[in-house]
file coords.cif (mmCIF, C-alpha atoms and all ligand atoms)
data_input
loop_
_atom_site.label_atom_id
_atom_site.label_comp_id
_atom_site.auth_asym_id
_atom_site.auth_seq_id
_atom_site.Cartn_x
_atom_site.Cartn_y
_atom_site.Cartn_z
CA MET A 1 1.25 -83.33 0.49
CA ASP A 2 4.32 -83.10 -1.69
CA PHE A 3 6.60 -80.12 -1.15
CA GLN A 4 9.32 -78.89 -3.47
CA ILE A 5 12.20 -77.36 -1.51
CA THR A 6 15.08 -75.63 -3.28
CA LEU A 7 18.39 -75.85 -1.43
CA LEU A 8 20.98 -73.13 -1.96
CA PRO A 9 24.01 -74.20 0.13
CA GLY A 10 26.24 -71.36 -1.14
CA ASP A 11 29.77 -70.89 0.16
CA GLY A 12 31.97 -71.45 3.23
CA ILE A 13 30.04 -73.13 6.05
CA GLY A 14 26.77 -72.84 4.05
CA PRO A 15 27.01 -76.39 2.61
CA GLU A 16 28.14 -77.77 6.00
CA VAL A 17 25.10 -76.47 7.88
CA ILE A 18 22.45 -76.92 5.19
CA GLU A 19 23.31 -80.61 4.97
CA LYS A 20 22.40 -80.89 8.65
CA ALA A 21 19.08 -79.08 8.23
CA VAL A 22 18.18 -81.50 5.43
CA GLN A 23 19.08 -84.44 7.65
CA ILE A 24 16.69 -83.11 10.32
CA LEU A 25 13.92 -82.51 7.77
CA GLN A 26 14.26 -86.08 6.51
CA ILE A 27 13.72 -87.33 10.03
CA ILE A 28 10.71 -85.08 10.55
CA GLU A 29 9.26 -86.32 7.24
CA LYS A 30 8.95 -89.81 8.72
CA PHE A 31 6.52 -88.54 11.34
CA THR A 32 4.14 -87.13 8.70
CA ASP A 33 2.31 -87.95 5.48
CA ASN A 34 4.08 -85.06 3.74
CA ARG A 35 6.96 -85.64 1.34
CA PHE A 36 9.89 -83.25 0.85
CA HIS A 37 11.51 -83.12 -2.58
CA PHE A 38 14.87 -81.39 -2.42
CA SER A 39 16.79 -79.93 -5.36
CA LYS A 40 20.18 -78.31 -4.94
CA GLU A 41 21.24 -75.19 -6.88
CA LEU A 42 24.15 -72.74 -6.96
CA ILE A 43 24.25 -69.25 -5.47
CA GLY A 44 27.04 -66.84 -4.49
CA GLY A 45 30.74 -67.45 -5.06
CA CYS A 46 30.28 -71.02 -6.29
CA SER A 47 27.83 -69.75 -8.90
CA ILE A 48 30.30 -67.05 -9.98
CA ASP A 49 32.95 -69.75 -10.43
CA ALA A 50 30.61 -71.98 -12.45
CA ASN A 51 28.52 -69.45 -14.37
CA GLY A 52 30.16 -66.03 -14.07
CA THR A 53 27.19 -64.65 -12.13
CA ALA A 54 26.08 -64.99 -8.49
CA LEU A 55 22.55 -66.11 -9.41
CA THR A 56 21.40 -67.38 -12.79
CA GLU A 57 17.91 -66.77 -14.16
CA GLU A 58 17.39 -70.57 -14.19
CA VAL A 59 18.12 -70.86 -10.48
CA LEU A 60 15.85 -67.93 -9.66
CA ASN A 61 13.07 -69.55 -11.68
CA ALA A 62 13.60 -72.88 -9.93
CA CYS A 63 13.27 -71.04 -6.60
CA ARG A 64 10.11 -69.27 -7.75
CA GLN A 65 8.52 -72.58 -8.64
CA SER A 66 9.25 -74.22 -5.32
CA ASP A 67 7.26 -74.16 -2.09
CA ALA A 68 10.19 -72.86 -0.07
CA VAL A 69 13.87 -72.01 -0.40
CA LEU A 70 16.53 -72.90 2.18
CA LEU A 71 19.80 -70.99 1.94
CA GLY A 72 23.12 -71.55 3.73
CA ALA A 73 25.38 -68.51 3.23
CA VAL A 74 27.27 -66.75 0.48
CA GLY A 75 30.60 -64.98 0.16
CA GLY A 76 34.23 -65.38 1.09
CA PRO A 77 37.71 -63.90 0.67
CA LYS A 78 38.13 -65.48 -2.77
CA TRP A 79 35.51 -63.10 -4.20
CA ASP A 80 36.21 -60.08 -2.01
CA ASN A 81 38.09 -57.80 -4.43
CA PRO A 82 36.51 -54.36 -3.83
CA ASP A 83 37.02 -53.41 -7.47
CA SER A 84 35.17 -56.41 -8.84
CA ASN A 85 31.65 -55.67 -10.00
CA ILE A 86 30.58 -59.28 -9.59
CA ARG A 87 30.13 -60.31 -5.96
CA PRO A 88 28.55 -63.33 -4.21
CA GLU A 89 26.26 -61.10 -2.13
CA GLN A 90 24.59 -59.84 -5.33
CA GLY A 91 23.09 -63.31 -5.74
CA LEU A 92 21.41 -63.13 -2.36
CA LEU A 93 20.08 -59.63 -2.99
CA ALA A 94 18.76 -60.63 -6.42
CA LEU A 95 17.10 -63.67 -4.88
CA ARG A 96 15.35 -61.63 -2.16
CA LYS A 97 14.20 -59.07 -4.71
CA GLY A 98 13.24 -61.74 -7.26
CA LEU A 99 11.12 -63.60 -4.70
CA LYS A 100 9.68 -60.28 -3.43
CA VAL A 101 10.33 -61.32 0.17
CA TYR A 102 10.14 -57.88 1.73
CA ALA A 103 9.87 -58.96 5.37
CA ASN A 104 12.79 -60.63 7.12
CA LEU A 105 11.76 -62.04 10.51
CA ARG A 106 14.63 -62.56 12.94
CA PRO A 107 13.51 -63.92 16.31
CA VAL A 108 15.94 -63.40 19.19
CA LYS A 109 15.29 -65.45 22.30
CA VAL A 110 17.77 -66.20 25.06
CA HIS A 111 17.89 -69.78 26.26
CA PRO A 112 18.33 -69.74 30.08
CA ALA A 113 21.07 -72.37 29.88
CA LEU A 114 23.10 -70.17 27.52
CA MET A 115 23.17 -66.98 29.56
CA ALA A 116 26.73 -67.69 30.63
CA ALA A 117 27.79 -67.87 26.96
CA SER A 118 26.81 -64.23 26.43
CA PRO A 119 29.13 -61.37 27.45
CA LEU A 120 26.13 -59.66 29.10
CA LYS A 121 25.19 -60.09 32.75
CA GLU A 122 22.50 -62.70 33.41
CA GLU A 123 20.14 -60.17 35.01
CA LYS A 124 20.04 -58.28 31.70
CA LEU A 125 19.29 -61.40 29.72
CA SER A 126 16.35 -62.87 31.57
CA GLY A 127 13.10 -62.45 29.65
CA VAL A 128 14.72 -61.50 26.34
CA ASP A 129 12.26 -62.50 23.61
CA MET A 130 12.13 -60.15 20.66
CA LEU A 131 11.29 -60.36 17.00
CA VAL A 132 13.17 -58.08 14.64
CA VAL A 133 11.25 -57.40 11.43
CA ARG A 134 13.79 -56.15 8.94
CA GLU A 135 12.63 -54.57 5.67
CA LEU A 136 14.46 -56.63 3.04
CA THR A 137 13.86 -55.45 -0.52
CA GLY A 138 14.25 -51.66 -0.25
CA GLY A 139 16.30 -48.93 1.36
CA LEU A 140 20.04 -48.44 0.96
CA TYR A 141 20.60 -51.90 -0.48
CA PHE A 142 18.54 -51.31 -3.59
CA GLY A 143 17.96 -47.53 -4.01
CA GLU A 144 18.97 -45.87 -7.28
CA PRO A 145 21.24 -44.17 -8.14
CA LYS A 146 23.88 -46.57 -6.96
CA GLY A 147 27.41 -46.87 -8.29
CA ARG A 148 30.73 -45.20 -8.91
CA SER A 149 31.75 -42.38 -11.18
CA ILE A 150 34.57 -39.92 -11.72
CA ILE A 151 33.72 -36.35 -10.74
CA ASN A 152 36.40 -33.66 -11.14
CA GLY A 153 39.05 -36.34 -11.56
CA GLN A 154 38.15 -38.10 -8.31
CA GLU A 155 36.28 -41.33 -7.89
CA HIS A 156 32.92 -40.92 -6.12
CA ALA A 157 30.46 -43.56 -4.92
CA VAL A 158 26.76 -43.30 -4.19
CA ASP A 159 24.10 -45.41 -2.47
CA THR A 160 20.55 -44.15 -2.12
CA LEU A 161 18.22 -44.61 0.82
CA ILE A 162 14.75 -44.45 -0.70
CA TYR A 163 11.41 -45.84 0.52
CA SER A 164 7.91 -45.47 -0.84
CA GLU A 165 4.94 -45.10 1.50
CA GLU A 166 3.67 -48.48 0.34
CA GLU A 167 6.97 -50.25 1.08
CA ILE A 168 6.89 -48.85 4.60
CA ARG A 169 3.18 -49.52 5.15
CA ARG A 170 3.28 -53.23 4.32
CA ILE A 171 6.25 -54.02 6.58
CA VAL A 172 4.93 -51.95 9.48
CA LYS A 173 1.48 -53.53 9.10
CA MET A 174 2.99 -57.00 9.22
CA SER A 175 4.89 -56.03 12.38
CA PHE A 176 1.69 -54.91 14.11
CA GLU A 177 -0.05 -58.13 13.10
CA LEU A 178 2.82 -60.15 14.55
CA ALA A 179 2.84 -58.05 17.73
CA ARG A 180 -0.84 -58.81 18.27
CA ASN A 181 0.06 -62.42 18.95
CA ARG A 182 2.94 -61.46 21.22
CA ARG A 183 3.37 -58.78 23.93
CA LYS A 184 1.60 -56.13 21.83
CA LYS A 185 4.41 -53.64 21.48
CA VAL A 186 6.09 -52.40 18.30
CA THR A 187 9.32 -50.39 18.42
CA SER A 188 9.87 -48.64 15.11
CA VAL A 189 13.58 -47.90 14.76
CA ASP A 190 14.69 -45.03 12.53
CA LYS A 191 16.99 -42.01 12.31
CA ALA A 192 14.21 -39.43 12.00
CA ASN A 193 16.34 -36.67 13.51
CA VAL A 194 18.51 -36.75 10.38
CA LEU A 195 17.03 -38.77 7.54
CA GLU A 196 14.04 -37.73 5.42
CA SER A 197 13.30 -41.40 4.64
CA SER A 198 13.02 -41.99 8.40
CA ARG A 199 10.57 -39.12 8.81
CA LEU A 200 8.33 -40.69 6.17
CA TRP A 201 8.81 -44.05 7.91
CA ARG A 202 7.66 -42.53 11.22
CA LYS A 203 4.63 -40.84 9.67
CA VAL A 204 3.47 -44.05 7.99
CA ALA A 205 4.09 -46.06 11.18
CA MET A 206 1.81 -43.67 13.07
CA GLU A 207 -0.88 -44.00 10.41
CA VAL A 208 -0.73 -47.79 10.49
CA SER A 209 -0.86 -47.83 14.29
CA ARG A 210 -4.36 -46.28 14.23
CA ASP A 211 -5.68 -49.63 12.95
CA PHE A 212 -4.09 -51.42 15.89
CA PRO A 213 -5.33 -49.68 19.05
CA ASP A 214 -4.47 -52.77 21.11
CA VAL A 215 -0.76 -52.53 20.19
CA ILE A 216 1.62 -49.90 21.61
CA LEU A 217 3.85 -48.11 19.10
CA GLU A 218 7.10 -46.55 20.23
CA HIS A 219 9.65 -44.79 18.04
CA MET A 220 13.34 -45.09 18.76
CA LEU A 221 16.38 -43.64 17.06
CA VAL A 222 18.73 -46.32 15.76
CA ASP A 223 21.71 -45.15 17.80
CA THR A 224 19.64 -45.29 20.99
CA ALA A 225 18.24 -48.68 19.94
CA SER A 226 21.73 -50.12 19.54
CA MET A 227 22.48 -49.00 23.11
CA ARG A 228 19.18 -50.27 24.55
CA LEU A 229 19.74 -53.68 22.96
CA VAL A 230 22.52 -54.22 25.47
CA THR A 231 21.25 -52.15 28.42
CA SER A 232 17.60 -53.32 28.46
CA PRO A 233 17.09 -56.00 25.82
CA SER A 234 14.07 -57.53 27.54
CA SER A 235 12.10 -54.31 27.02
CA PHE A 236 11.75 -55.06 23.28
CA ASP A 237 8.93 -57.08 21.76
CA VAL A 238 8.67 -56.46 18.00
CA ILE A 239 11.24 -54.18 16.37
CA VAL A 240 10.53 -52.97 12.84
CA THR A 241 13.20 -51.19 10.86
CA GLU A 242 14.71 -50.46 7.46
CA ASN A 243 17.00 -52.88 5.66
CA MET A 244 20.47 -51.84 6.82
CA PHE A 245 19.53 -50.87 10.38
CA GLY A 246 17.93 -54.32 10.71
CA ASP A 247 21.02 -56.04 9.37
CA ILE A 248 23.30 -54.35 11.87
CA LEU A 249 21.01 -54.53 14.91
CA THR A 250 20.41 -58.26 14.51
CA ASP A 251 24.12 -59.12 14.54
CA GLU A 252 24.30 -57.09 17.74
CA ALA A 253 21.20 -58.82 19.16
CA SER A 254 22.61 -62.25 18.31
CA VAL A 255 25.28 -61.72 20.95
CA LEU A 256 22.53 -61.83 23.60
CA THR A 257 21.82 -65.45 22.66
CA GLY A 258 25.44 -66.48 23.13
CA SER A 259 26.38 -66.83 19.45
CA MET A 260 25.51 -65.57 16.03
CA GLY A 261 25.43 -69.20 14.89
CA MET A 262 22.12 -69.63 16.72
CA LEU A 263 19.85 -67.20 14.92
CA PRO A 264 17.44 -68.25 12.17
CA SER A 265 15.42 -66.07 9.83
CA ALA A 266 12.37 -66.23 7.61
CA SER A 267 11.92 -63.93 4.62
CA LEU A 268 8.33 -63.57 3.54
CA GLY A 269 6.39 -61.75 0.85
CA ASN A 270 2.76 -61.92 -0.06
CA GLY A 271 2.82 -65.33 -1.63
CA LYS A 272 4.99 -68.36 -2.24
CA PRO A 273 7.78 -69.19 -1.73
CA GLY A 274 9.40 -68.04 1.51
CA LEU A 275 13.18 -67.90 1.88
CA TYR A 276 14.81 -69.30 5.01
CA GLU A 277 18.39 -68.68 6.07
CA PRO A 278 20.44 -68.28 9.23
CA ILE A 279 21.52 -64.67 9.91
CA HIS A 280 25.21 -65.58 9.94
CA GLY A 281 27.51 -65.55 6.94
CA SER A 282 29.84 -68.05 5.33
CA ALA A 283 32.30 -67.85 8.28
CA PRO A 284 35.49 -68.28 6.19
CA ASP A 285 37.59 -68.49 9.37
CA ILE A 286 36.05 -71.85 10.33
CA ALA A 287 34.86 -73.18 6.94
CA GLY A 288 35.89 -76.75 6.13
CA LYS A 289 36.66 -77.62 9.75
CA GLY A 290 33.33 -79.27 10.56
CA ILE A 291 32.84 -77.12 13.65
CA ALA A 292 30.15 -74.64 12.53
CA ASN A 293 27.10 -74.33 14.73
CA PRO A 294 24.18 -75.79 12.75
CA ILE A 295 21.45 -74.42 15.06
CA GLY A 296 20.69 -71.19 13.15
CA MET A 297 20.26 -73.22 9.97
CA ILE A 298 18.21 -75.96 11.65
CA LEU A 299 15.91 -73.41 13.30
CA SER A 300 15.51 -71.74 9.88
CA ALA A 301 14.21 -75.08 8.58
CA ALA A 302 11.73 -75.08 11.50
CA LEU A 303 10.55 -71.61 10.47
CA MET A 304 10.10 -72.95 6.94
CA LEU A 305 7.83 -75.69 8.26
CA ARG A 306 5.83 -73.11 10.22
CA PHE A 307 5.43 -70.32 7.66
CA SER A 308 5.60 -71.98 4.24
CA LEU A 309 4.48 -75.58 4.76
CA GLN A 310 1.87 -75.08 7.51
CA MET A 311 3.57 -77.73 9.66
CA GLU A 312 3.43 -76.02 13.06
CA LYS A 313 3.54 -79.22 15.05
CA GLU A 314 6.67 -80.38 13.28
CA ALA A 315 8.29 -76.92 13.59
CA LEU A 316 7.77 -77.21 17.35
CA MET A 317 9.27 -80.70 17.36
CA ILE A 318 12.51 -79.27 15.97
CA GLU A 319 12.51 -76.22 18.25
CA GLN A 320 11.85 -78.30 21.35
CA ALA A 321 14.59 -80.76 20.42
CA VAL A 322 17.05 -77.87 19.98
CA ASN A 323 15.98 -76.38 23.33
CA ARG A 324 16.47 -79.68 25.13
CA THR A 325 19.85 -80.20 23.48
CA ILE A 326 21.00 -76.81 24.75
CA ALA A 327 19.50 -77.40 28.20
CA ASP A 328 21.45 -80.67 28.41
CA GLY A 329 24.71 -78.77 27.93
CA CYS A 330 25.58 -79.63 24.30
CA ARG A 331 27.77 -76.85 22.85
CA THR A 332 29.68 -76.20 19.64
CA ALA A 333 32.90 -74.14 19.82
CA ASP A 334 31.18 -70.77 19.31
CA MET A 335 28.93 -71.60 22.31
CA GLY A 336 31.97 -72.38 24.44
CA GLY A 337 32.00 -76.15 23.91
CA SER A 338 33.71 -78.67 21.67
CA LEU A 339 31.00 -80.56 19.73
CA SER A 340 31.42 -80.77 15.97
CA THR A 341 28.63 -79.79 13.56
CA GLU A 342 27.95 -83.50 13.10
CA MET A 343 27.83 -84.31 16.82
CA MET A 344 25.57 -81.36 17.64
CA THR A 345 23.17 -82.48 14.91
CA GLU A 346 23.20 -86.06 16.24
CA GLU A 347 22.32 -84.75 19.71
CA ILE A 348 19.38 -82.79 18.28
CA ILE A 349 18.18 -85.81 16.26
CA ARG A 350 18.32 -88.01 19.34
CA ARG A 351 16.00 -85.59 21.12
CA ILE A 352 13.52 -85.50 18.24
CA HIS A 353 13.08 -89.22 18.80
CA GLU A 354 12.66 -88.88 22.57
P1 LIG B 1 30.11 -64.25 9.35
O1 LIG B 1 28.73 -64.22 9.84
O2 LIG B 1 30.39 -65.19 8.24
O3 LIG B 1 31.11 -64.57 10.57
C1 LIG B 1 31.29 -63.73 11.68
C2 LIG B 1 31.91 -64.52 12.84
O4 LIG B 1 30.92 -65.40 13.39
C3 LIG B 1 33.07 -65.40 12.41
O5 LIG B 1 34.03 -65.43 13.42
C4 LIG B 1 32.44 -66.78 12.25
O6 LIG B 1 33.31 -67.85 12.45
C5 LIG B 1 31.34 -66.75 13.31
N1 LIG B 1 30.19 -67.57 12.90
C6 LIG B 1 29.24 -67.23 12.00
N2 LIG B 1 28.37 -68.24 11.84
C7 LIG B 1 28.78 -69.23 12.65
C8 LIG B 1 28.29 -70.53 12.93
N3 LIG B 1 27.19 -71.02 12.35
N4 LIG B 1 28.96 -71.29 13.83
C9 LIG B 1 30.06 -70.82 14.45
N5 LIG B 1 30.56 -69.59 14.22
C10 LIG B 1 29.93 -68.81 13.33
O7 LIG B 1 30.49 -62.75 8.92
P2 LIG B 1 31.80 -62.21 8.13
O8 LIG B 1 32.98 -63.04 8.49
O9 LIG B 1 31.81 -60.78 8.35
O10 LIG B 1 31.43 -62.46 6.61
C11 LIG B 1 31.95 -63.55 5.84
C12 LIG B 1 31.25 -63.58 4.49
O11 LIG B 1 29.89 -63.96 4.68
C13 LIG B 1 31.22 -62.24 3.77
O12 LIG B 1 31.50 -62.50 2.41
C14 LIG B 1 29.80 -61.74 3.96
O13 LIG B 1 29.34 -60.95 2.90
C15 LIG B 1 29.05 -63.04 3.98
N6 LIG B 1 27.76 -63.01 4.67
C16 LIG B 1 26.76 -63.73 4.11
C17 LIG B 1 25.53 -63.81 4.72
C18 LIG B 1 24.47 -64.62 4.07
O14 LIG B 1 24.75 -65.36 3.16
N7 LIG B 1 23.23 -64.53 4.52
C19 LIG B 1 25.33 -63.16 5.94
C20 LIG B 1 26.38 -62.44 6.51
C21 LIG B 1 27.60 -62.37 5.87
C1 LIG B 2 22.58 -60.89 6.05
C2 LIG B 2 23.84 -60.53 5.30
C3 LIG B 2 23.50 -59.95 3.95
C4 LIG B 2 22.74 -58.64 4.18
C5 LIG B 2 24.67 -59.71 2.99
C6 LIG B 2 25.51 -60.94 2.81
C7 LIG B 2 24.17 -59.24 1.66
O1 LIG B 2 24.64 -59.68 6.06
O2 LIG B 2 21.76 -61.65 5.51
O3 LIG B 2 22.41 -60.46 7.19
O4 LIG B 2 23.37 -57.61 4.45
O5 LIG B 2 21.53 -58.66 4.09
MN MN B 3 23.97 -59.48 8.12
#
call {"tool": "encode", "arguments": {"input": "coords.cif", "output": "structure tokens"}}
result
Amino acid sequence: MDFQITLLPGDGIGPEVIEKAVQILQIIEKFTDNRFHFSKELIGGCSIDANGTALTEEVLNACRQSDAVLLGAVGGPKWDNPDSNIRPEQGLLALRKGLKVYANLRPVKVHPALMAASPLKEEKLSGVDMLVVRELTGGLYFGEPKGRSIINGQEHAVDTLIYSEEEIRRIVKMSFELARNRRKKVTSVDKANVLESSRLWRKVAMEVSRDFPDVILEHMLVDTASMRLVTSPSSFDVIVTENMFGDILTDEASVLTGSMGMLPSASLGNGKPGLYEPIHGSAPDIAGKGIANPIGMILSAALMLRFSLQMEKEALMIEQAVNRTIADGCRTADMGGSLSTEMMTEEIIRRIHE
């Protein structure tokens, strides 16, 4: 089959890591009858510089027409003026909304050989294998009203945390379906002791759970969850939560794996295309140095093969090569080693061929 893949390298280390994911995909292609057709487009700060907006309608349409979208990262100090109403991150939000990818899957698994790279004790880390399902197109990020205004001579700002029953139901349902093929436990994370939106979330989660008697549902407050992620991370299987809680908790969870540079994600809706991106950002502090960890991006490409292109075998080829590379002691700087982005990728490629 022929697959159209839109590449959105973005800013900072985005272009450096996406190039490596493409290199890996071109190697995988040789093992199959499938053909990947890549086209590169602008998003984020580079799109602001070229077009005055973080995502053009043309680029969004190109993404819509493709089989899958691979994204590096957006943002950077150049576009960080808090008073500017054009920001790189708007492009990413518009893309997620435009593609209707409401479910962001962020798997967090600790490789045994990397336990020493995490600040947590090894006994805490053994058996950590969770999947965070982050709601991606609702909640605080998108709720209206949103914006700034002058009230009584003072500037005020508002963001709105709003969810409909349907938005909650579809993400919770997907989490239960995913849990069925795992350890059959869903932890729904909310702030139901304070937030009305969380109380609706909890009610809908309980309703959905009736259709999944084989899966355990537990509710956990987000502050407790952030503590449990470091005190008993292996107790989690699937975590489902609203947009911003999921954003914050996954950066925290990434520390378990040794580095944020390791974590991939898949953003899915009801149809084509899926969006695949590492959870990390544009890492301005190391951009241009050739030392970024490409693993989060490469594993995102593997998730693309699995979820959008139905290439499970090839997804596993990449994941196993990455696992072997880590087991053999290859490390970029963030993992406590000294391999460059290029060298780490070469090591992974070598193990695809083994
Ligand atoms: P960041 O994720 O870019 O970086 C946080 C820290 O982790 C930095 O020290 C960085 O060097 C390190 N790091 C991240 N990815 C790495 C990798 N692959 N290899 C090695 N080290 C890595 O977060 P930040 O610095 O708070 O944000 C920078 C910019 O990125 C901001 O503009 C933010 O909005 C944006 N951002 C974008 C995305 C995205 O595009 N999906 C995600 C998060 C942040
Ligand atoms: C992420 C990022 C984004 C988010 C930003 C850049 C909009 O932090 O993908 O985790 O908050 O969703
Ligand atoms: Mn984030």
call {"tool": "closest_atom_pairs", "arguments": {"input": "coords.cif", "of": "chain A", "to": "ligand LIG 2 (chain B)", "cutoff": "9 Å", "atoms": "all atoms listed in the file", "output": "JSON lines"}}
result
{"residue": "A:Ala73", "atom": "CA", "partner": "B:LIG2", "partner_atom": "C6", "distance": 7.6}
{"residue": "A:Val74", "atom": "CA", "partner": "B:LIG2", "partner_atom": "C6", "distance": 6.5}
{"residue": "A:Gly75", "atom": "CA", "partner": "B:LIG2", "partner_atom": "C6", "distance": 7.0}
{"residue": "A:Pro88", "atom": "CA", "partner": "B:LIG2", "partner_atom": "C6", "distance": 8.0}
{"residue": "A:Glu89", "atom": "CA", "partner": "B:LIG2", "partner_atom": "C7", "distance": 4.7}
{"residue": "A:Gln90", "atom": "CA", "partner": "B:LIG2", "partner_atom": "C7", "distance": 7.0}
{"residue": "A:Gly91", "atom": "CA", "partner": "B:LIG2", "partner_atom": "C7", "distance": 8.5}
{"residue": "A:Leu92", "atom": "CA", "partner": "B:LIG2", "partner_atom": "C7", "distance": 6.2}
{"residue": "A:Leu93", "atom": "CA", "partner": "B:LIG2", "partner_atom": "C7", "distance": 6.2}
{"residue": "A:Leu136", "atom": "CA", "partner": "B:LIG2", "partner_atom": "O5", "distance": 7.4}
{"residue": "A:Tyr141", "atom": "CA", "partner": "B:LIG2", "partner_atom": "O4", "distance": 8.0}
{"residue": "A:Asn243", "atom": "CA", "partner": "B:LIG2", "partner_atom": "O5", "distance": 7.5}
{"residue": "A:Met244", "atom": "CA", "partner": "B:LIG2", "partner_atom": "O4", "distance": 6.9}
{"residue": "A:Gly246", "atom": "CA", "partner": "B:LIG2", "partner_atom": "O3", "distance": 8.4}
{"residue": "A:Asp247", "atom": "CA", "partner": "B:LIG2", "partner_atom": "O3", "distance": 5.1}
{"residue": "A:Ile248", "atom": "CA", "partner": "B:LIG2", "partner_atom": "O3", "distance": 7.7}
{"residue": "A:Thr250", "atom": "CA", "partner": "B:LIG2", "partner_atom": "O3", "distance": 7.9}
{"residue": "A:Asp251", "atom": "CA", "partner": "B:LIG2", "partner_atom": "O3", "distance": 7.7}
{"residue": "A:Ser265", "atom": "CA", "partner": "B:LIG2", "partner_atom": "O2", "distance": 8.9}
{"residue": "A:Glu277", "atom": "CA", "partner": "B:LIG2", "partner_atom": "O2", "distance": 7.8}
{"residue": "A:Pro278", "atom": "CA", "partner": "B:LIG2", "partner_atom": "O2", "distance": 7.7}
{"residue": "A:Ile279", "atom": "CA", "partner": "B:LIG2", "partner_atom": "O3", "distance": 5.1}
{"residue": "A:His280", "atom": "CA", "partner": "B:LIG2", "partner_atom": "O3", "distance": 6.5}
{"residue": "A:Gly281", "atom": "CA", "partner": "B:LIG2", "partner_atom": "C2", "distance": 6.4}
{"residue": "A:Ser282", "atom": "CA", "partner": "B:LIG2", "partner_atom": "C6", "distance": 8.7}
call {"tool": "write_last_selection", "arguments": {"input": "coords.cif", "atoms": "C-alpha atoms", "output": "PDB file, keeping the file's coordinate frame"}}
result
ATOM      1  CA  ALA A  73      25.380 -68.510   3.230  1.00  0.00           C
ATOM      2  CA  VAL A  74      27.270 -66.750   0.480  1.00  0.00           C
ATOM      3  CA  GLY A  75      30.600 -64.980   0.160  1.00  0.00           C
ATOM      4  CA  PRO A  88      28.550 -63.330  -4.210  1.00  0.00           C
ATOM      5  CA  GLU A  89      26.260 -61.100  -2.130  1.00  0.00           C
ATOM      6  CA  GLN A  90      24.590 -59.840  -5.330  1.00  0.00           C
ATOM      7  CA  GLY A  91      23.090 -63.310  -5.740  1.00  0.00           C
ATOM      8  CA  LEU A  92      21.410 -63.130  -2.360  1.00  0.00           C
ATOM      9  CA  LEU A  93      20.080 -59.630  -2.990  1.00  0.00           C
ATOM     10  CA  LEU A 136      14.460 -56.630   3.040  1.00  0.00           C
ATOM     11  CA  TYR A 141      20.600 -51.900  -0.480  1.00  0.00           C
ATOM     12  CA  ASN A 243      17.000 -52.880   5.660  1.00  0.00           C
ATOM     13  CA  MET A 244      20.470 -51.840   6.820  1.00  0.00           C
ATOM     14  CA  GLY A 246      17.930 -54.320  10.710  1.00  0.00           C
ATOM     15  CA  ASP A 247      21.020 -56.040   9.370  1.00  0.00           C
ATOM     16  CA  ILE A 248      23.300 -54.350  11.870  1.00  0.00           C
ATOM     17  CA  THR A 250      20.410 -58.260  14.510  1.00  0.00           C
ATOM     18  CA  ASP A 251      24.120 -59.120  14.540  1.00  0.00           C
ATOM     19  CA  SER A 265      15.420 -66.070   9.830  1.00  0.00           C
ATOM     20  CA  GLU A 277      18.390 -68.680   6.070  1.00  0.00           C
ATOM     21  CA  PRO A 278      20.440 -68.280   9.230  1.00  0.00           C
ATOM     22  CA  ILE A 279      21.520 -64.670   9.910  1.00  0.00           C
ATOM     23  CA  HIS A 280      25.210 -65.580   9.940  1.00  0.00           C
ATOM     24  CA  GLY A 281      27.510 -65.550   6.940  1.00  0.00           C
ATOM     25  CA  SER A 282      29.840 -68.050   5.330  1.00  0.00           C
TER      26      SER A 282
END
call {"tool": "closest_residue", "arguments": {"input": "coords.cif", "among": "A:Gly138, A:Gln310, A:Arg106, A:Leu70", "to": "ligand MN 3 (chain B)", "atoms": "all atoms listed in the file"}}
result
A:Arg106
call {"tool": "residues_near_ligand", "arguments": {"input": "coords.cif", "ligand": "ligand LIG 1 (chain B)", "cutoff": "8 Å", "atoms": "only C-alpha atoms and all ligand atoms", "output": "PyMOL selection string"}}
result
chain A and resi 10+12-14+17+71-77+79-80+88-89+92+259-262+277-287+291-297+332-335
call {"tool": "atom_distance", "arguments": {"input": "coords.cif", "atom1": "CA of Leu25 (chain A)", "atom2": "CA of Asn104 (chain A)"}}
result
21.9 Å
call {"tool": "residues_around", "arguments": {"input": "coords.cif", "residues": "Val69 (chain A)", "least_positions_apart": "2", "cutoff": "7 Å", "atoms": "all atoms listed in the file", "output": "short mmCIF file (atom, residue, chain, number, x, y, z; two decimals) with C-alpha atoms, keeping the file's coordinate frame"}}
result
data_model
loop_
_atom_site.label_atom_id
_atom_site.label_comp_id
_atom_site.auth_asym_id
_atom_site.auth_seq_id
_atom_site.Cartn_x
_atom_site.Cartn_y
_atom_site.Cartn_z
CA ILE A 5 12.20 -77.36 -1.51
CA THR A 6 15.08 -75.63 -3.28
CA LEU A 7 18.39 -75.85 -1.43
CA CYS A 63 13.27 -71.04 -6.60
CA LEU A 71 19.80 -70.99 1.94
CA PRO A 273 7.78 -69.19 -1.73
CA GLY A 274 9.40 -68.04 1.51
CA LEU A 275 13.18 -67.90 1.88
CA TYR A 276 14.81 -69.30 5.01
#
call {"tool": "residues_around", "arguments": {"input": "coords.cif", "residues": "Arg351 (chain A)", "least_positions_apart": "2", "cutoff": "12 Å", "atoms": "all atoms listed in the file", "output": "number ranges by chain"}}
result
A: 24, 27-28, 317-328, 330, 344-349, 353-354
call {"tool": "atom_distance", "arguments": {"input": "coords.cif", "atom1": "CA of Gly271 (chain A)", "atom2": "CA of Cys46 (chain A)"}}
result
28.4 Å
call {"tool": "atom_distance", "arguments": {"input": "coords.cif", "atom1": "CA of Ala225 (chain A)", "atom2": "CA of Ala253 (chain A)"}}
result
10.6 Å
call {"tool": "closest_residue", "arguments": {"input": "coords.cif", "among": "A:Gly44, A:Pro112, A:Gly147, A:Pro82", "to": "Gly329 (chain A)", "atoms": "only C-alpha atoms"}}
result
A:Pro112
